[in-house]
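**Q** One structure is given below, represented as C-alpha coordinates, and several questions about it will come after.
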Amino acid sequence: MIAIVHYGLGNLQAFANIYKRLNIPAEIAETPEEILGADRIILPGVGAFDWAMKRLDASGLRPALEEAVVAQGRPVLGICVGMQMMAQRSDEGKLPGLGWIAGEVRRFNEAAFTQKTRLPHMGWNDVAPFDGKGLFQELTDNARFYFLHSYYFVPRNPEHVLATTDYNGRYASAVRSGNVLGVQFHPEKSHAWGIQLLKNFAEF
Amino acid sequence: MLRPRLIPCLLMHNGGLVKTVQFAKPKYVGDPINAVRIFNEKEVDELIVMDIDATVQDREPDYLRIRNLAAECRMPLCYGGGVKTVEQVERIISLGVEKVALSAAAVADPGLVARAAEVVGSQSIVTVLDVKKSGWRGKYEVHTHNGERKSGHGPVEFARQMEGQGAGEIVVNAIDRDGMMKGYDLELVREVREAVSLPLTVLGGAGSLQDIATLINTFGIIGAAAGSLFVFKGVYRAVLINYPSREEKDTLLASLQHL
(Lines give C-alpha, C1' and ligand atoms only; values in the text may rest on other atoms or scores of the structure.)
Protein backbone atom coordinates (compact mmCIF):
# COMPACT_ATOMS: atom_id res chain seq x y z
CA MET A 1 0.00 0.00 0.00
CA ILE A 2 1.21 3.48 -0.93
CA ALA A 3 0.12 6.31 1.35
CA ILE A 4 -0.44 9.68 -0.31
CA VAL A 5 -0.06 12.13 2.56
CA HIS A 6 -3.08 14.41 2.95
CA TYR A 7 -1.98 17.58 4.71
CA GLY A 8 -4.11 19.95 2.68
CA LEU A 9 -1.76 20.49 -0.25
CA GLY A 10 -1.14 19.07 -3.68
CA ASN A 11 -3.12 17.03 -6.10
CA LEU A 12 -3.74 13.88 -4.07
CA GLN A 13 -6.50 12.57 -6.27
CA ALA A 14 -4.29 12.79 -9.37
CA PHE A 15 -1.84 10.35 -7.70
CA ALA A 16 -4.68 8.11 -6.54
CA ASN A 17 -6.17 8.03 -10.05
CA ILE A 18 -2.86 7.06 -11.64
CA TYR A 19 -2.26 4.23 -9.17
CA LYS A 20 -5.81 3.01 -9.65
CA ARG A 21 -5.24 2.81 -13.39
CA LEU A 22 -1.99 0.93 -12.75
CA ASN A 23 -3.77 -1.46 -10.38
CA ILE A 24 -1.35 -0.57 -7.59
CA PRO A 25 -2.93 -0.18 -4.14
CA ALA A 26 -2.71 3.39 -2.90
CA GLU A 27 -4.74 5.50 -0.54
CA ILE A 28 -5.00 9.09 0.54
CA ALA A 29 -3.69 8.99 4.11
CA GLU A 30 -5.29 11.32 6.64
CA THR A 31 -4.34 9.60 9.90
CA PRO A 32 -1.05 8.53 11.53
CA GLU A 33 -2.24 4.91 11.38
CA GLU A 34 -2.69 5.07 7.62
CA ILE A 35 0.83 6.42 7.20
CA LEU A 36 2.39 3.86 9.54
CA GLY A 37 0.48 1.07 7.82
CA ALA A 38 1.89 1.86 4.36
CA ASP A 39 4.97 0.36 2.64
CA ARG A 40 5.70 3.53 0.69
CA ILE A 41 4.81 7.16 1.10
CA ILE A 42 4.23 10.05 -1.29
CA LEU A 43 4.58 13.58 0.08
CA PRO A 44 2.95 15.89 -2.47
CA GLY A 45 3.18 19.65 -2.51
CA VAL A 46 2.22 22.86 -4.24
CA GLY A 47 2.76 26.27 -2.68
CA ALA A 48 5.25 28.24 -0.65
CA PHE A 49 7.76 26.54 1.70
CA ASP A 50 6.59 27.92 5.05
CA TRP A 51 2.93 27.45 4.18
CA ALA A 52 3.62 23.80 3.35
CA MET A 53 5.60 23.25 6.58
CA LYS A 54 2.84 24.88 8.63
CA ARG A 55 0.21 22.75 6.94
CA LEU A 56 2.19 19.60 7.64
CA ASP A 57 2.62 20.53 11.30
CA ALA A 58 -1.07 21.42 11.63
CA SER A 59 -2.14 18.11 10.06
CA GLY A 60 -0.76 16.17 13.04
CA LEU A 61 0.82 13.70 10.61
CA ARG A 62 4.41 14.80 11.00
CA PRO A 63 5.36 12.48 13.92
CA ALA A 64 3.97 9.44 12.08
CA LEU A 65 5.75 10.50 8.90
CA GLU A 66 9.08 10.87 10.74
CA GLU A 67 8.55 7.53 12.46
CA ALA A 68 7.90 5.78 9.13
CA VAL A 69 10.64 7.52 7.14
CA VAL A 70 13.44 8.18 9.62
CA ALA A 71 13.02 5.42 12.21
CA GLN A 72 11.63 2.64 10.02
CA GLY A 73 13.27 3.59 6.70
CA ARG A 74 10.19 3.33 4.50
CA PRO A 75 10.65 4.71 0.98
CA VAL A 76 9.22 8.20 0.58
CA LEU A 77 8.88 10.33 -2.55
CA GLY A 78 8.56 14.10 -2.17
CA ILE A 79 7.01 16.08 -4.99
CA CYS A 80 7.90 19.71 -5.75
CA VAL A 81 7.57 21.55 -2.42
CA GLY A 82 7.21 18.10 -0.85
CA MET A 83 10.78 17.48 -2.02
CA GLN A 84 12.01 20.89 -0.92
CA MET A 85 10.61 20.28 2.57
CA MET A 86 13.07 17.38 2.92
CA ALA A 87 15.97 19.86 2.96
CA GLN A 88 17.28 21.60 6.07
CA ARG A 89 16.21 25.09 5.03
CA SER A 90 14.92 27.16 2.13
CA ASP A 91 15.56 30.65 0.76
CA GLU A 92 11.77 30.90 0.42
CA GLY A 93 10.94 30.56 4.11
CA LYS A 94 12.02 31.02 7.69
CA LEU A 95 10.92 27.67 9.10
CA PRO A 96 13.37 24.77 9.21
CA GLY A 97 12.75 21.90 6.83
CA LEU A 98 12.42 18.22 7.70
CA GLY A 99 16.16 17.75 7.24
CA TRP A 100 15.90 14.25 5.75
CA ILE A 101 18.50 15.05 3.11
CA ALA A 102 21.43 17.32 4.00
CA GLY A 103 21.24 20.43 1.88
CA GLU A 104 19.26 23.56 1.25
CA VAL A 105 16.76 25.06 -1.16
CA ARG A 106 17.93 28.11 -3.10
CA ARG A 107 16.30 30.60 -5.40
CA PHE A 108 17.48 30.65 -9.01
CA ASN A 109 19.80 33.58 -9.63
CA GLU A 110 17.69 35.73 -11.95
CA ALA A 111 20.50 38.17 -12.60
CA ALA A 112 22.44 35.43 -14.40
CA PHE A 113 19.61 34.59 -16.80
CA THR A 114 20.19 35.28 -20.46
CA GLN A 115 16.69 34.67 -21.83
CA LYS A 116 13.66 36.91 -21.58
CA THR A 117 11.49 34.52 -19.58
CA ARG A 118 13.06 34.02 -16.19
CA LEU A 119 11.08 32.83 -13.17
CA PRO A 120 9.23 30.77 -12.33
CA HIS A 121 10.67 27.86 -14.31
CA MET A 122 7.36 26.87 -15.85
CA GLY A 123 6.59 24.19 -18.40
CA TRP A 124 7.93 20.97 -19.89
CA ASN A 125 11.64 20.32 -19.63
CA ASP A 126 14.03 17.39 -20.07
CA VAL A 127 15.19 15.34 -17.12
CA ALA A 128 18.55 13.61 -17.44
CA PRO A 129 18.96 10.79 -14.89
CA PHE A 130 22.44 9.46 -14.09
CA ASP A 131 21.21 5.97 -14.78
CA GLY A 132 18.06 4.22 -15.84
CA LYS A 133 17.65 2.32 -12.61
CA GLY A 134 15.14 2.64 -9.82
CA LEU A 135 13.00 5.73 -10.15
CA PHE A 136 14.15 6.37 -13.73
CA GLN A 137 13.76 2.92 -15.21
CA GLU A 138 12.69 3.30 -18.85
CA LEU A 139 12.97 7.06 -18.52
CA THR A 140 16.43 7.67 -19.97
CA ASP A 141 15.29 8.38 -23.51
CA ASN A 142 13.94 11.90 -24.00
CA ALA A 143 11.79 11.89 -20.87
CA ARG A 144 10.20 15.22 -20.08
CA PHE A 145 8.25 16.45 -17.11
CA TYR A 146 6.23 19.46 -16.02
CA PHE A 147 7.99 22.01 -13.82
CA LEU A 148 6.58 24.91 -11.84
CA HIS A 149 9.02 26.47 -9.36
CA SER A 150 11.50 29.27 -8.60
CA TYR A 151 13.57 27.44 -5.98
CA TYR A 152 15.68 24.30 -6.31
CA PHE A 153 17.26 21.70 -4.06
CA VAL A 154 21.04 21.77 -3.51
CA PRO A 155 22.07 18.56 -1.71
CA ARG A 156 25.27 18.88 0.31
CA ASN A 157 26.47 15.53 -1.00
CA PRO A 158 26.63 15.53 -4.84
CA GLU A 159 26.05 11.78 -4.78
CA HIS A 160 22.50 12.48 -3.68
CA VAL A 161 21.67 13.94 -7.10
CA LEU A 162 19.62 11.43 -9.11
CA ALA A 163 18.87 13.52 -12.18
CA THR A 164 19.53 17.00 -13.50
CA THR A 165 17.66 19.53 -15.61
CA ASP A 166 18.96 22.52 -17.53
CA TYR A 167 17.41 25.88 -16.77
CA ASN A 168 20.14 28.44 -17.29
CA GLY A 169 22.54 25.84 -15.94
CA ARG A 170 22.08 22.34 -14.54
CA TYR A 171 20.50 21.74 -11.19
CA ALA A 172 19.23 18.69 -9.28
CA SER A 173 15.72 17.89 -10.47
CA ALA A 174 15.66 14.59 -8.55
CA VAL A 175 17.48 13.60 -5.35
CA ARG A 176 17.89 10.49 -3.25
CA SER A 177 19.46 9.67 0.05
CA GLY A 178 18.74 6.06 0.97
CA ASN A 179 15.00 5.63 1.36
CA VAL A 180 14.30 9.35 0.88
CA LEU A 181 13.59 10.43 -2.70
CA GLY A 182 12.37 13.68 -4.18
CA VAL A 183 11.54 15.15 -7.57
CA GLN A 184 11.18 18.84 -8.34
CA PHE A 185 8.78 18.26 -11.22
CA HIS A 186 5.18 17.02 -11.10
CA PRO A 187 4.96 13.36 -12.20
CA GLU A 188 1.21 13.37 -11.48
CA LYS A 189 0.88 16.01 -14.22
CA SER A 190 3.41 14.64 -16.69
CA HIS A 191 1.41 12.17 -18.76
CA ALA A 192 3.08 8.85 -19.71
CA TRP A 193 6.48 9.83 -18.31
CA GLY A 194 5.01 10.71 -14.94
CA ILE A 195 2.96 7.53 -14.83
CA GLN A 196 6.12 5.51 -15.53
CA LEU A 197 7.98 7.27 -12.72
CA LEU A 198 5.17 6.67 -10.22
CA LYS A 199 5.07 3.02 -11.28
CA ASN A 200 8.83 2.82 -10.75
CA PHE A 201 8.47 4.29 -7.26
CA ALA A 202 5.91 1.63 -6.41
CA GLU A 203 8.10 -1.19 -7.68
CA PHE A 204 11.77 -0.38 -7.13
CA MET B 1 15.39 22.39 -23.03
CA LEU B 2 12.33 24.20 -21.76
CA ARG B 3 9.59 24.03 -24.38
CA PRO B 4 6.92 26.53 -25.36
CA ARG B 5 3.52 25.49 -23.98
CA LEU B 6 0.47 24.82 -26.17
CA ILE B 7 -2.55 25.37 -23.96
CA PRO B 8 -6.25 24.79 -24.62
CA CYS B 9 -8.42 27.34 -22.81
CA LEU B 10 -11.92 26.18 -21.88
CA LEU B 11 -14.74 28.49 -20.83
CA MET B 12 -17.41 27.32 -18.38
CA HIS B 13 -20.85 28.89 -18.69
CA ASN B 14 -24.11 27.58 -17.20
CA GLY B 15 -22.41 24.32 -16.26
CA GLY B 16 -21.21 23.52 -19.77
CA LEU B 17 -18.30 24.53 -21.95
CA VAL B 18 -18.73 27.32 -24.45
CA LYS B 19 -16.64 29.16 -26.99
CA THR B 20 -17.18 32.86 -27.53
CA VAL B 21 -16.48 35.33 -30.33
CA GLN B 22 -15.08 38.65 -29.09
CA PHE B 23 -16.39 37.66 -25.64
CA ALA B 24 -19.97 37.33 -26.96
CA LYS B 25 -22.18 34.73 -28.66
CA PRO B 26 -21.29 31.75 -26.43
CA LYS B 27 -21.63 28.50 -28.38
CA TYR B 28 -22.01 25.24 -26.46
CA VAL B 29 -19.10 22.91 -27.14
CA GLY B 30 -19.55 20.14 -24.60
CA ASP B 31 -19.15 18.83 -21.08
CA PRO B 32 -16.11 19.96 -19.06
CA ILE B 33 -15.14 16.59 -17.59
CA ASN B 34 -15.51 14.89 -20.95
CA ALA B 35 -13.29 17.53 -22.56
CA VAL B 36 -10.64 17.06 -19.87
CA ARG B 37 -10.65 13.31 -20.49
CA ILE B 38 -10.07 13.85 -24.21
CA PHE B 39 -7.28 16.32 -23.52
CA ASN B 40 -5.68 13.79 -21.14
CA GLU B 41 -5.52 11.28 -23.98
CA LYS B 42 -4.02 13.92 -26.24
CA GLU B 43 -1.33 14.70 -23.65
CA VAL B 44 -1.81 18.46 -23.69
CA ASP B 45 0.88 20.62 -22.08
CA GLU B 46 -1.44 22.50 -19.74
CA LEU B 47 -5.07 23.45 -19.46
CA ILE B 48 -6.75 26.73 -18.57
CA VAL B 49 -10.36 26.60 -17.35
CA MET B 50 -12.23 29.86 -16.84
CA ASP B 51 -15.64 30.15 -15.21
CA ILE B 52 -16.98 33.16 -17.11
CA ASP B 53 -20.13 33.41 -14.94
CA ALA B 54 -18.62 33.70 -11.46
CA THR B 55 -17.40 37.31 -11.53
CA VAL B 56 -20.36 38.79 -13.42
CA GLN B 57 -22.80 36.93 -11.15
CA ASP B 58 -20.71 37.92 -8.13
CA ARG B 59 -20.63 34.40 -6.79
CA GLU B 60 -18.09 32.02 -5.28
CA PRO B 61 -16.05 29.70 -7.46
CA ASP B 62 -17.77 26.32 -7.83
CA TYR B 63 -15.41 24.31 -5.63
CA LEU B 64 -17.03 20.95 -6.22
CA ARG B 65 -16.68 21.35 -9.97
CA ILE B 66 -13.09 22.57 -9.63
CA ARG B 67 -12.24 19.57 -7.47
CA ASN B 68 -13.73 17.19 -10.01
CA LEU B 69 -11.85 18.84 -12.86
CA ALA B 70 -8.54 18.80 -10.97
CA ALA B 71 -8.95 15.15 -10.05
CA GLU B 72 -9.60 14.23 -13.67
CA CYS B 73 -6.80 16.38 -15.09
CA ARG B 74 -3.54 14.58 -15.83
CA MET B 75 -1.90 17.81 -16.89
CA PRO B 76 -1.36 21.07 -15.03
CA LEU B 77 -4.49 23.07 -14.53
CA CYS B 78 -5.00 26.81 -14.21
CA TYR B 79 -8.40 27.90 -12.87
CA GLY B 80 -9.86 31.39 -13.16
CA GLY B 81 -13.20 32.99 -12.41
CA GLY B 82 -14.67 34.74 -9.37
CA VAL B 83 -11.56 34.53 -7.20
CA LYS B 84 -11.36 37.53 -4.88
CA THR B 85 -9.64 36.52 -1.65
CA VAL B 86 -6.50 34.79 -0.42
CA GLU B 87 -8.70 32.20 1.30
CA GLN B 88 -10.31 31.30 -2.03
CA VAL B 89 -6.88 30.98 -3.65
CA GLU B 90 -5.70 28.67 -0.85
CA ARG B 91 -8.82 26.57 -1.09
CA ILE B 92 -8.52 26.15 -4.86
CA ILE B 93 -4.82 25.22 -4.68
CA SER B 94 -5.61 22.67 -1.98
CA LEU B 95 -8.16 21.08 -4.33
CA GLY B 96 -5.25 20.08 -6.57
CA VAL B 97 -5.13 22.99 -9.00
CA GLU B 98 -1.62 24.15 -9.90
CA LYS B 99 -2.37 27.78 -10.72
CA VAL B 100 -5.08 30.27 -9.88
CA ALA B 101 -5.85 33.15 -12.24
CA LEU B 102 -6.82 36.59 -10.94
CA SER B 103 -8.24 39.31 -13.14
CA ALA B 104 -11.02 41.63 -11.93
CA ALA B 105 -9.93 41.16 -8.31
CA ALA B 106 -6.31 42.04 -9.18
CA VAL B 107 -7.50 45.24 -10.85
CA ALA B 108 -9.66 46.17 -7.87
CA ASP B 109 -6.98 45.26 -5.32
CA PRO B 110 -3.46 44.72 -6.77
CA GLY B 111 -2.19 43.85 -3.28
CA LEU B 112 -4.26 40.65 -3.42
CA VAL B 113 -1.67 39.24 -5.82
CA ALA B 114 1.13 39.86 -3.30
CA ARG B 115 -0.86 38.44 -0.39
CA ALA B 116 -1.84 35.31 -2.34
CA ALA B 117 1.71 34.78 -3.62
CA GLU B 118 2.99 35.05 -0.05
CA VAL B 119 0.89 32.04 0.90
CA VAL B 120 0.82 29.73 -2.10
CA GLY B 121 3.97 30.96 -3.85
CA SER B 122 4.35 33.19 -6.91
CA GLN B 123 4.51 30.20 -9.23
CA SER B 124 0.83 29.50 -8.59
CA ILE B 125 -0.52 33.01 -9.17
CA VAL B 126 -1.49 34.01 -12.68
CA THR B 127 -2.78 37.41 -13.69
CA VAL B 128 -5.08 37.53 -16.72
CA LEU B 129 -5.20 40.74 -18.75
CA ASP B 130 -8.28 40.87 -20.97
CA VAL B 131 -7.24 43.59 -23.39
CA LYS B 132 -9.28 45.54 -25.91
CA LYS B 133 -8.60 48.67 -27.89
CA SER B 134 -10.73 51.54 -26.62
CA GLY B 135 -11.11 55.31 -26.87
CA TRP B 136 -10.81 57.37 -30.02
CA ARG B 137 -7.08 56.69 -30.20
CA GLY B 138 -7.70 52.96 -30.04
CA LYS B 139 -5.25 52.41 -27.18
CA TYR B 140 -4.98 49.02 -25.52
CA GLU B 141 -6.80 48.87 -22.21
CA VAL B 142 -7.28 46.08 -19.67
CA HIS B 143 -10.96 45.18 -19.21
CA THR B 144 -12.78 43.07 -16.62
CA HIS B 145 -16.20 41.44 -16.16
CA ASN B 146 -16.06 39.63 -19.51
CA GLY B 147 -14.86 42.74 -21.28
CA GLU B 148 -17.65 44.97 -20.07
CA ARG B 149 -15.74 47.19 -17.65
CA LYS B 150 -12.73 49.33 -18.40
CA SER B 151 -9.98 49.19 -15.80
CA GLY B 152 -8.21 52.41 -16.71
CA HIS B 153 -4.95 50.43 -16.98
CA GLY B 154 -2.83 49.90 -20.08
CA PRO B 155 -1.53 46.32 -20.43
CA VAL B 156 2.14 47.26 -20.16
CA GLU B 157 1.76 49.30 -17.01
CA PHE B 158 -0.56 46.74 -15.43
CA ALA B 159 1.68 43.77 -16.33
CA ARG B 160 4.64 45.55 -14.69
CA GLN B 161 2.54 46.26 -11.62
CA MET B 162 1.52 42.60 -11.40
CA GLU B 163 5.13 41.46 -11.74
CA GLY B 164 6.02 43.83 -8.90
CA GLN B 165 3.27 42.34 -6.74
CA GLY B 166 4.70 38.85 -7.22
CA ALA B 167 2.55 37.28 -9.93
CA GLY B 168 4.14 34.18 -11.47
CA GLU B 169 2.64 34.38 -14.95
CA ILE B 170 0.83 36.84 -17.16
CA VAL B 171 -1.90 35.71 -19.55
CA VAL B 172 -2.66 38.31 -22.21
CA ASN B 173 -6.01 37.80 -23.84
CA ALA B 174 -6.88 39.94 -26.88
CA ILE B 175 -10.66 40.41 -26.74
CA ASP B 176 -10.88 41.74 -30.31
CA ARG B 177 -9.19 38.54 -31.55
CA ASP B 178 -11.25 36.12 -29.41
CA GLY B 179 -12.85 33.45 -31.59
CA MET B 180 -11.77 35.15 -34.82
CA MET B 181 -9.12 32.53 -35.61
CA LYS B 182 -7.11 34.97 -37.70
CA GLY B 183 -3.88 35.03 -35.70
CA TYR B 184 -2.59 36.44 -32.42
CA ASP B 185 -2.20 40.17 -31.80
CA LEU B 186 1.60 40.19 -32.04
CA GLU B 187 1.85 43.92 -31.42
CA LEU B 188 0.12 43.53 -28.06
CA VAL B 189 2.28 40.54 -27.19
CA ARG B 190 5.46 42.45 -28.06
CA GLU B 191 4.55 45.34 -25.78
CA VAL B 192 3.88 43.07 -22.81
CA ARG B 193 6.81 40.75 -23.55
CA GLU B 194 9.24 43.65 -23.46
CA ALA B 195 7.78 44.96 -20.22
CA VAL B 196 8.08 41.88 -17.98
CA SER B 197 10.31 38.84 -17.54
CA LEU B 198 7.59 36.56 -16.19
CA PRO B 199 6.37 33.57 -18.17
CA LEU B 200 3.86 34.94 -20.65
CA THR B 201 0.90 33.13 -22.14
CA VAL B 202 -0.99 34.54 -25.09
CA LEU B 203 -4.65 33.94 -25.83
CA GLY B 204 -7.00 35.20 -28.51
CA GLY B 205 -6.88 34.68 -32.24
CA ALA B 206 -5.08 31.40 -32.93
CA GLY B 207 -6.70 29.79 -35.98
CA SER B 208 -4.01 27.31 -37.02
CA LEU B 209 -0.80 25.70 -35.85
CA GLN B 210 0.90 28.16 -38.18
CA ASP B 211 -0.32 31.01 -35.98
CA ILE B 212 1.26 29.26 -32.99
CA ALA B 213 4.48 28.69 -34.95
CA THR B 214 4.60 32.40 -35.81
CA LEU B 215 4.12 33.34 -32.16
CA ILE B 216 6.86 31.02 -30.95
CA ASN B 217 9.20 31.98 -33.76
CA THR B 218 8.80 35.62 -32.81
CA PHE B 219 9.00 35.33 -29.03
CA GLY B 220 10.75 32.03 -28.18
CA ILE B 221 9.66 30.38 -24.94
CA ILE B 222 6.05 31.41 -24.55
CA GLY B 223 2.66 29.93 -23.73
CA ALA B 224 0.44 29.67 -26.80
CA ALA B 225 -3.15 29.31 -25.64
CA ALA B 226 -6.23 28.86 -27.80
CA GLY B 227 -9.92 28.15 -27.48
CA SER B 228 -11.50 27.79 -30.92
CA LEU B 229 -8.46 26.13 -32.49
CA PHE B 230 -8.66 23.18 -30.08
CA VAL B 231 -12.46 22.75 -30.02
CA PHE B 232 -13.55 23.43 -33.60
CA LYS B 233 -12.71 21.71 -36.86
CA GLY B 234 -13.24 22.97 -40.40
CA VAL B 235 -14.80 26.08 -41.89
CA TYR B 236 -18.22 25.30 -40.41
CA ARG B 237 -16.72 25.22 -36.90
CA ALA B 238 -17.99 21.74 -36.11
CA VAL B 239 -17.26 20.89 -32.49
CA LEU B 240 -14.36 18.46 -32.39
CA ILE B 241 -11.80 18.53 -29.61
CA ASN B 242 -8.37 18.30 -31.19
CA TYR B 243 -4.72 18.90 -30.31
CA PRO B 244 -1.44 18.13 -32.10
CA SER B 245 0.14 14.75 -31.32
CA ARG B 246 3.50 14.52 -29.57
CA GLU B 247 5.15 13.96 -32.97
CA GLU B 248 3.33 16.86 -34.62
CA LYS B 249 4.31 19.13 -31.76
CA ASP B 250 7.95 18.05 -31.83
CA THR B 251 8.05 18.59 -35.61
CA LEU B 252 6.48 22.02 -35.22
CA LEU B 253 9.00 23.04 -32.55
CA ALA B 254 11.96 21.54 -34.44
CA SER B 255 11.09 23.66 -37.48
CA LEU B 256 11.35 26.89 -35.53
CA GLN B 257 14.51 28.95 -35.53
CA HIS B 258 14.05 30.80 -32.30
CA LEU B 259 14.54 27.81 -29.99
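In the C-alpha coordinates, chains take letters A, B, ... by order of appearance, with residues numbered from 1 within each chain and ligands from 1 in the order shown.
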Please identify all residues of chain B having at least one atom at most 10 Å from any atom of chain A, considering only C-alpha atoms, and return them as number ranges by chain.
**A** B: 1-6, 40-46, 67-68, 70-77, 90-99, 117-125, 167-169, 193-194, 196-200, 219-223
**Q** I'd like the neighbourhood of Pro158 of chain A as a PyMOL selection string, where a residue qualifies if any of its atoms comes within 12 Å (using only C-alpha atoms), though same-chain residues fewer than 3 positions away should be ignored.
**A** chain A and resi 101-103+130+153-155+161-164+171-172+174-177
**Q** Could you tell me which of B:Ala105, B:Val21, B:Leu129, B:Val172 comes closest to Leu186 of chain B if we count only C-alpha atoms?
**A**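 Checking each of B:Ala105, B:Val21, B:Leu129, B:Val172 against Leu186 of chain B, counting only C-alpha atoms, the winner is B:Val172.
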**Q** Could you find all residues in segment 120-174 of chain B that DSSP calls helix (DSSP H, G or I) from the backbone, and write them as a PyMOL selection string?
**A** chain B and resi 120+122-124+155-165
**Q** Which polymer residues have any atom within 8 Å of an atom of Ala202 of chain A, counting only C-alpha atoms, with same-chain residues fewer than 3 positions away left out, as a list in words?
**A**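 Counting only the stated atoms, we get Ile2, Ile24, Arg40, Leu198 and Lys199 of chain A.
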**Q** Generate the output file for the selected residues, N, CA and C atoms, as a PDB file, in the first residue's frame.
**A**
ATOM      1  N   ILE A   2       0.515   2.183  -0.902  1.00  0.00           N
ATOM      2  CA  ILE A   2       1.210   3.481  -0.929  1.00  0.00           C
ATOM      3  C   ILE A   2       0.319   4.520  -0.262  1.00  0.00           C
ATOM      4  N   ILE A  24      -2.267  -0.534  -8.731  1.00  0.00           N
ATOM      5  CA  ILE A  24      -1.351  -0.567  -7.590  1.00  0.00           C
ATOM      6  C   ILE A  24      -2.095   0.032  -6.396  1.00  0.00           C
ATOM      7  N   ARG A  40       5.047   2.391   1.355  1.00  0.00           N
ATOM      8  CA  ARG A  40       5.700   3.527   0.693  1.00  0.00           C
ATOM      9  C   ARG A  40       4.850   4.770   0.880  1.00  0.00           C
ATOM     10  N   LEU A 198       5.937   7.075 -11.407  1.00  0.00           N
ATOM     11  CA  LEU A 198       5.174   6.671 -10.217  1.00  0.00           C
ATOM     12  C   LEU A 198       5.087   5.149 -10.116  1.00  0.00           C
ATOM     13  N   LYS A 199       5.042   4.492 -11.261  1.00  0.00           N
ATOM     14  CA  LYS A 199       5.071   3.023 -11.284  1.00  0.00           C
ATOM     15  C   LYS A 199       6.430   2.548 -10.760  1.00  0.00           C
TER      16      LYS A 199
END
**Q** Pick the closest to Asn200 of chain A from A:Ala128, A:Met85, A:Leu77, A:Met53: which is it, counting only C-alpha atoms?
**A** A:Leu77
